[in-house]
>>> print(open('upload_23.txt').read())   # compact mmCIF, C-alpha atoms
# COMPACT_ATOMS: atom_id res chain seq x y z
CA MET K 137 -7.25 -6.02 -13.82
CA LEU K 138 -10.93 -5.37 -13.17
CA THR K 139 -13.64 -8.03 -12.89
CA LEU K 140 -17.29 -7.26 -13.56
CA SER K 141 -19.98 -9.80 -12.73
CA LEU K 142 -23.40 -9.15 -14.28
CA LEU K 143 -26.21 -11.04 -12.55
CA ARG K 144 -29.75 -11.07 -13.84
CA HIS K 145 -32.17 -11.33 -10.90
CA ALA K 146 -33.45 -14.80 -10.06
CA LYS K 147 -36.80 -16.05 -11.34
CA SER K 148 -39.65 -13.81 -10.22
CA SER K 149 -43.24 -14.62 -9.46
CA TRP K 150 -46.24 -13.54 -11.52
CA LYS K 151 -48.80 -14.95 -9.04
CA ASN K 152 -50.20 -11.52 -8.22
CA PRO K 153 -50.87 -9.71 -11.52
CA THR K 154 -51.98 -6.55 -9.69
CA LEU K 155 -48.52 -5.89 -8.21
CA PRO K 156 -46.50 -3.14 -9.85
CA ASP K 157 -43.54 -4.57 -11.78
CA ARG K 158 -41.03 -3.12 -9.27
CA GLU K 159 -42.74 -5.02 -6.43
CA ARG K 160 -42.76 -8.53 -7.91
CA PRO K 161 -41.16 -11.05 -5.49
CA LEU K 162 -39.09 -14.10 -6.34
CA SER K 163 -40.73 -17.38 -7.23
CA THR K 164 -39.94 -20.55 -5.28
CA ARG K 165 -37.38 -21.48 -7.94
CA GLY K 166 -35.83 -18.01 -7.74
CA MET K 167 -35.48 -18.33 -3.97
CA SER K 168 -33.58 -21.59 -4.38
CA ASP K 169 -31.45 -20.43 -7.35
CA ALA K 170 -30.06 -17.22 -5.78
CA PRO K 171 -28.02 -18.90 -3.00
CA VAL K 172 -26.77 -21.49 -5.51
CA MET K 173 -25.38 -18.67 -7.65
CA GLY K 174 -23.76 -17.10 -4.57
CA ARG K 175 -22.02 -20.37 -3.72
CA ALA K 176 -20.89 -20.72 -7.34
CA MET K 177 -19.40 -17.23 -7.24
CA THR K 178 -17.46 -17.98 -4.06
CA GLU K 179 -16.24 -21.35 -5.38
CA ARG K 180 -14.86 -19.54 -8.44
CA GLY K 181 -13.20 -16.71 -6.49
CA LEU K 182 -15.70 -14.11 -7.69
CA ASP K 183 -16.63 -12.52 -4.37
CA PRO K 184 -17.28 -8.85 -5.17
CA GLU K 185 -15.91 -5.93 -3.22
CA LEU K 186 -18.74 -3.68 -4.41
CA VAL K 187 -22.31 -4.49 -5.44
CA LEU K 188 -24.58 -2.18 -7.43
CA CYS K 189 -28.14 -3.48 -7.18
CA SER K 190 -31.39 -2.27 -8.68
CA SER K 191 -33.89 -1.26 -6.01
CA ALA K 192 -36.67 -3.46 -7.46
CA ARG K 193 -37.89 -6.13 -5.02
CA ARG K 194 -36.76 -9.11 -7.12
CA THR K 195 -33.18 -7.81 -7.43
CA VAL K 196 -32.97 -6.92 -3.73
CA ASP K 197 -34.38 -10.35 -2.79
CA THR K 198 -31.90 -12.06 -5.13
CA LEU K 199 -29.00 -10.22 -3.52
CA ASP K 200 -30.30 -10.89 0.02
CA LEU K 201 -30.22 -14.64 -0.70
CA LEU K 202 -26.85 -14.51 -2.47
CA LEU K 203 -24.87 -12.45 0.06
CA PRO K 204 -24.78 -15.04 2.91
CA GLU K 205 -23.10 -17.49 0.50
CA LEU K 206 -20.13 -15.18 -0.16
CA LYS K 207 -16.88 -15.34 1.79
CA VAL K 208 -16.60 -11.57 2.03
CA LYS K 209 -19.11 -8.86 2.89
CA PRO K 210 -19.08 -6.39 0.01
CA GLU K 211 -20.14 -2.77 0.07
CA VAL K 212 -23.68 -2.68 -1.35
CA THR K 213 -25.34 0.25 -3.07
CA TYR K 214 -29.00 0.07 -4.10
CA LYS K 215 -29.76 2.24 -7.10
CA ASP K 216 -33.21 3.23 -8.32
CA ALA K 217 -31.50 4.22 -11.56
CA LEU K 218 -30.55 0.59 -12.26
CA TYR K 219 -34.21 -0.36 -12.66
CA HIS K 220 -34.34 -0.74 -16.46
CA ALA K 221 -31.37 1.58 -16.96
CA SER K 222 -30.01 1.70 -20.48
CA PRO K 223 -26.70 -0.05 -21.17
CA GLU K 224 -25.17 3.40 -21.68
CA ASP K 225 -26.41 4.57 -18.27
CA MET K 226 -25.06 1.41 -16.62
CA LEU K 227 -21.68 1.94 -18.30
CA ASP K 228 -21.66 5.50 -16.94
CA MET K 229 -22.37 4.09 -13.44
CA LEU K 230 -19.44 1.69 -13.81
CA ARG K 231 -17.13 4.45 -15.03
CA ALA K 232 -18.04 6.50 -11.94
CA ILE K 233 -16.76 3.81 -9.53
CA PRO K 234 -13.77 5.28 -7.69
CA PRO K 235 -10.45 3.42 -7.48
CA GLY K 236 -10.33 0.71 -4.84
CA ALA K 237 -12.85 -1.93 -5.88
CA SER K 238 -11.49 -4.23 -8.56
CA ARG K 239 -14.33 -6.79 -8.35
CA VAL K 240 -17.83 -5.42 -8.93
CA LEU K 241 -21.20 -7.18 -9.14
CA VAL K 242 -24.19 -5.55 -10.84
CA VAL K 243 -27.60 -7.11 -10.10
CA GLY K 244 -30.12 -6.00 -12.69
CA HIS K 245 -32.79 -6.79 -15.24
CA ASN K 246 -33.15 -8.00 -18.78
CA PRO K 247 -32.98 -6.99 -21.53
CA GLU K 248 -30.63 -4.29 -20.23
CA ILE K 249 -28.11 -6.52 -18.38
CA GLU K 250 -27.77 -8.71 -21.48
CA ALA K 251 -27.34 -5.63 -23.69
CA LEU K 252 -24.63 -4.24 -21.39
CA ALA K 253 -22.78 -7.57 -21.47
CA GLY K 254 -23.06 -7.64 -25.26
CA ASP K 255 -21.71 -4.10 -25.52
CA LEU K 256 -18.75 -4.72 -23.21
CA ILE K 257 -17.61 -8.12 -24.48
CA GLY K 258 -14.79 -7.81 -26.98
CA SER K 259 -13.34 -11.30 -26.58
CA GLY K 260 -13.75 -14.60 -24.81
CA PRO K 261 -14.58 -18.19 -25.74
CA LYS K 262 -16.95 -18.23 -28.71
CA HIS K 263 -19.21 -20.91 -27.21
CA MET K 264 -19.81 -18.75 -24.11
CA ARG K 265 -20.46 -15.61 -26.17
CA ASP K 266 -22.89 -17.55 -28.36
CA ARG K 267 -24.77 -18.95 -25.33
CA LEU K 268 -25.06 -15.49 -23.80
CA LYS K 269 -26.42 -14.04 -27.07
CA GLU K 270 -28.89 -16.92 -27.40
CA LYS K 271 -30.44 -16.47 -23.96
CA TYR K 272 -29.59 -14.70 -20.71
CA PRO K 273 -31.98 -16.51 -18.34
CA THR K 274 -33.04 -15.39 -14.88
CA GLY K 275 -30.27 -15.91 -12.35
CA ALA K 276 -27.58 -16.07 -15.06
CA LEU K 277 -24.13 -14.65 -14.37
CA ALA K 278 -21.69 -13.23 -16.92
CA VAL K 279 -18.16 -12.43 -15.75
CA LEU K 280 -15.99 -10.04 -17.73
CA ASN K 281 -12.37 -9.10 -17.15
CA PHE K 282 -10.84 -5.80 -18.20
CA ALA K 283 -7.16 -5.04 -18.62
CA ALA K 284 -7.91 -1.48 -17.48
CA GLY K 285 -6.86 -0.52 -13.98
CA LEU K 286 -9.62 2.06 -13.50
CA TRP K 287 -13.36 1.72 -14.05
CA SER K 288 -13.30 5.10 -15.79
CA SER K 289 -11.29 3.41 -18.58
CA VAL K 290 -13.81 0.62 -19.24
CA ASP K 291 -15.24 0.92 -22.74
CA VAL K 292 -17.40 -0.90 -25.27
CA ASN K 293 -15.76 -4.11 -26.56
CA SER K 294 -12.98 -3.88 -23.95
CA GLY K 295 -14.00 -6.85 -21.80
CA SER K 296 -13.12 -10.49 -22.06
CA LEU K 297 -15.92 -12.90 -21.15
CA SER K 298 -14.44 -15.46 -18.75
CA LEU K 299 -17.63 -17.15 -17.50
CA PHE K 300 -21.29 -17.47 -18.37
CA LEU K 301 -23.14 -19.56 -15.82
CA THR K 302 -26.82 -20.31 -15.32
CA PRO K 303 -28.71 -21.80 -12.37
CA LYS K 304 -29.94 -24.58 -14.66
CA GLU K 305 -26.34 -25.68 -15.30
CA LEU K 306 -25.65 -25.78 -11.59
CA ARG K 307 -28.83 -27.79 -10.98
CA GLY K 308 -27.54 -30.27 -13.57
CA GLY K 309 -30.41 -29.73 -15.97
>>> encode(input="upload_23.txt", output="C-alpha cells")
Amino acid sequence: MLTLSLLRHAKSSWKNPTLPDRERPLSTRGMSDAPVMGRAMTERGLDPELVLCSSARRTVDTLDLLLPELKVKPEVTYKDALYHASPEDMLDMLRAIPPGASRVLVVGHNPEIEALAGDLIGSGPKHMRDRLKEKYPTGALAVLNFAAGLWSSVDVNSGSLSLFLTPKELRGG
C-alpha cells in the first residue's frame, strides 16, 4: 500500500506587497502552524520517506519547520516544477517515483494541491471529502492511501482519503 500526504503550505505573509509571489515568507501564524502539523503527522504514523516540495519560499519554510517534528529524516527533493504545477503534472511526478518509498509527502500550493487531491480521491468518509471540497486552508493535510504497490500505478479516483486535518482543528478552534 502507498500513502500520499498532500500538505498545503502554512499561512504566508502579505506584509511586503513588492515581493514576488515565490518569495513570500510565512506569517507568524504560519510559523506556529507548521510544526504543529509535523507533530500531528508523527502522532498519526505519517512520517514520510520521501518529500517533494515546491521551491517557493513559503513551502520551503513550511517544510523546514515541519521536519524537526518528524521521527524520521526523509529524503527531500525541492522542485521548481511544483510551483503552481497542474494536477496532471503533479500526478506525473508521483508516477515517476521509483520503488522504495511507500510514504510520500508533497508540499505545494492551492488551488493545485486541492485539485490533485480531488482528482485522486475515489473513496473515503463522505464528511472528510465534503470538508476538503469546501475549503483546503493553508497548512491543511490530506492523506490518501492507494492499494497499488507502485507509484507508476496511481491513477485518478484510485485513492482512499483517510485523513483531512487542518491547523485550526489542532488549535481547537
>>> residues_around(input="upload_23.txt", residues="K:Ala253", least_positions_apart="6", cutoff="10 Å", atoms="only C-alpha atoms", output="PyMOL selection string")
chain K and resi 140-142+223+265+268-269+272+278-280+292-293+295+297
>>> residues_near_point(input="upload_23.txt", point="(-23.0, 7.4, -12.0)", cutoff="12 Å", atoms="only C-alpha atoms", output="list of chain:residue names")
K:Leu188, K:Thr213, K:Lys215, K:Asp216, K:Ala217, K:Leu218, K:Ala221, K:Glu224, K:Asp225, K:Met226, K:Leu227, K:Asp228, K:Met229, K:Leu230, K:Arg231, K:Ala232, K:Ile233, K:Pro234, K:Trp287, K:Ser288
>>> closest_residue(input="upload_23.txt", among="K:Thr139, K:Thr178, K:Thr154, K:Ser259", to="K:Leu206", atoms="only C-alpha atoms")
K:Thr178
>>> closest_residue(input="upload_23.txt", among="K:Arg239, K:Met137, K:Thr198, K:Pro303", to="K:Gly181", atoms="only C-alpha atoms")
K:Arg239
>>> residues_around(input="upload_23.txt", residues="K:Pro273", least_positions_apart="5", cutoff="9 Å", atoms="only C-alpha atoms", output="list of chain:residue names")
K:Arg144, K:Ala146, K:Lys147, K:Asn246, K:Leu268, K:Thr302, K:Pro303
>>> residues_around(input="upload_23.txt", residues="K:Leu286", least_positions_apart="4", cutoff="8 Å", atoms="all atoms listed in the file", output="PyMOL selection string")
chain K and resi 138+234-235+290
>>> closest_residue(input="upload_23.txt", among="K:Lys262, K:His145, K:Arg193, K:Arg180", to="K:Arg158", atoms="all atoms listed in the file")
K:Arg193
>>> closest_residue(input="upload_23.txt", among="K:Gly275, K:Pro171, K:Gly236, K:Pro210", to="K:Leu186", atoms="only C-alpha atoms")
K:Pro210
>>> closest_residue(input="upload_23.txt", among="K:Val243, K:Leu252, K:Val172, K:Ala283", to="K:Glu305", atoms="all atoms listed in the file")
K:Val172
>>> atom_distance(input="upload_23.txt", atom1="atom CA of K:Val187", atom2="atom CA of K:Val212")
4.7 Å
>>> atom_distance(input="upload_23.txt", atom1="atom CA of K:Met264", atom2="atom CA of K:Tyr219")
26.0 Å
>>> atom_distance(input="upload_23.txt", atom1="atom CA of K:Ala284", atom2="atom CA of K:Pro184")
17.1 Å
>>> decode(input="upload_23.txt", residues="stretch 198-223 of chain K", atoms="N, CA and C atoms", output="mmCIF file, in the first residue's frame")
data_model
loop_
_atom_site.group_PDB
_atom_site.id
_atom_site.type_symbol
_atom_site.label_atom_id
_atom_site.label_comp_id
_atom_site.auth_asym_id
_atom_site.auth_seq_id
_atom_site.Cartn_x
_atom_site.Cartn_y
_atom_site.Cartn_z
ATOM 1 N N THR K 198 7.776 26.166 5.334
ATOM 2 C CA THR K 198 6.834 25.245 5.971
ATOM 3 C C THR K 198 7.525 23.920 6.265
ATOM 4 N N LEU K 199 8.207 23.380 5.267
ATOM 5 C CA LEU K 199 8.881 22.108 5.435
ATOM 6 C C LEU K 199 10.000 22.205 6.469
ATOM 7 N N ASP K 200 10.757 23.299 6.456
ATOM 8 C CA ASP K 200 11.849 23.477 7.425
ATOM 9 C C ASP K 200 11.335 23.442 8.870
ATOM 10 N N LEU K 201 10.131 23.947 9.094
ATOM 11 C CA LEU K 201 9.560 23.956 10.441
ATOM 12 C C LEU K 201 8.891 22.632 10.795
ATOM 13 N N LEU K 202 8.468 21.889 9.782
ATOM 14 C CA LEU K 202 7.798 20.609 9.982
ATOM 15 C C LEU K 202 8.783 19.469 10.226
ATOM 16 N N LEU K 203 9.888 19.461 9.485
ATOM 17 C CA LEU K 203 10.834 18.338 9.538
ATOM 18 C C LEU K 203 11.356 17.999 10.930
ATOM 19 N N PRO K 204 11.721 18.980 11.776
ATOM 20 C CA PRO K 204 12.247 18.624 13.104
ATOM 21 C C PRO K 204 11.231 17.893 13.985
ATOM 22 N N GLU K 205 9.954 17.972 13.637
ATOM 23 C CA GLU K 205 8.905 17.328 14.434
ATOM 24 C C GLU K 205 8.708 15.861 14.056
ATOM 25 N N LEU K 206 9.282 15.435 12.944
ATOM 26 C CA LEU K 206 9.113 14.058 12.478
ATOM 27 C C LEU K 206 10.081 13.128 13.199
ATOM 28 N N LYS K 207 9.713 11.855 13.279
ATOM 29 C CA LYS K 207 10.568 10.854 13.920
ATOM 30 C C LYS K 207 11.668 10.374 12.989
ATOM 31 N N VAL K 208 11.432 10.477 11.696
ATOM 32 C CA VAL K 208 12.422 10.017 10.714
ATOM 33 C C VAL K 208 12.865 11.189 9.851
ATOM 34 N N LYS K 209 14.039 11.065 9.269
ATOM 35 C CA LYS K 209 14.543 12.103 8.368
ATOM 36 C C LYS K 209 14.321 11.608 6.937
ATOM 37 N N PRO K 210 13.331 12.174 6.252
ATOM 38 C CA PRO K 210 13.045 11.709 4.900
ATOM 39 C C PRO K 210 14.027 12.276 3.877
ATOM 40 N N GLU K 211 14.053 11.656 2.730
ATOM 41 C CA GLU K 211 14.755 12.229 1.584
ATOM 42 C C GLU K 211 13.894 13.388 1.096
ATOM 43 N N VAL K 212 14.508 14.535 0.836
ATOM 44 C CA VAL K 212 13.761 15.723 0.406
ATOM 45 C C VAL K 212 14.256 16.165 -0.964
ATOM 46 N N THR K 213 13.306 16.411 -1.853
ATOM 47 C CA THR K 213 13.616 16.935 -3.176
ATOM 48 C C THR K 213 12.816 18.218 -3.374
ATOM 49 N N TYR K 214 13.524 19.305 -3.652
ATOM 50 C CA TYR K 214 12.870 20.586 -3.946
ATOM 51 C C TYR K 214 12.706 20.682 -5.456
ATOM 52 N N LYS K 215 11.483 21.013 -5.875
ATOM 53 C CA LYS K 215 11.182 21.025 -7.306
ATOM 54 C C LYS K 215 10.593 22.368 -7.721
ATOM 55 N N ASP K 216 11.309 23.062 -8.597
ATOM 56 C CA ASP K 216 10.755 24.292 -9.175
ATOM 57 C C ASP K 216 9.434 23.998 -9.880
ATOM 58 N N ALA K 217 9.348 22.829 -10.487
ATOM 59 C CA ALA K 217 8.166 22.462 -11.269
ATOM 60 C C ALA K 217 6.913 22.307 -10.420
ATOM 61 N N LEU K 218 7.058 22.174 -9.097
ATOM 62 C CA LEU K 218 5.883 22.066 -8.229
ATOM 63 C C LEU K 218 5.229 23.418 -7.954
ATOM 64 N N TYR K 219 5.924 24.495 -8.261
ATOM 65 C CA TYR K 219 5.358 25.828 -8.043
ATOM 66 C C TYR K 219 4.232 26.020 -9.060
ATOM 67 N N HIS K 220 3.010 25.906 -8.592
ATOM 68 C CA HIS K 220 1.801 26.026 -9.412
ATOM 69 C C HIS K 220 1.764 25.028 -10.567
ATOM 70 N N ALA K 221 2.263 23.816 -10.314
ATOM 71 C CA ALA K 221 2.161 22.739 -11.301
ATOM 72 C C ALA K 221 0.697 22.323 -11.430
ATOM 73 N N SER K 222 0.326 21.882 -12.594
ATOM 74 C CA SER K 222 -1.038 21.392 -12.789
ATOM 75 C C SER K 222 -1.201 20.062 -12.054
ATOM 76 N N PRO K 223 -2.431 19.689 -11.734
ATOM 77 C CA PRO K 223 -2.643 18.381 -11.109
ATOM 78 C C PRO K 223 -2.096 17.239 -11.980
#
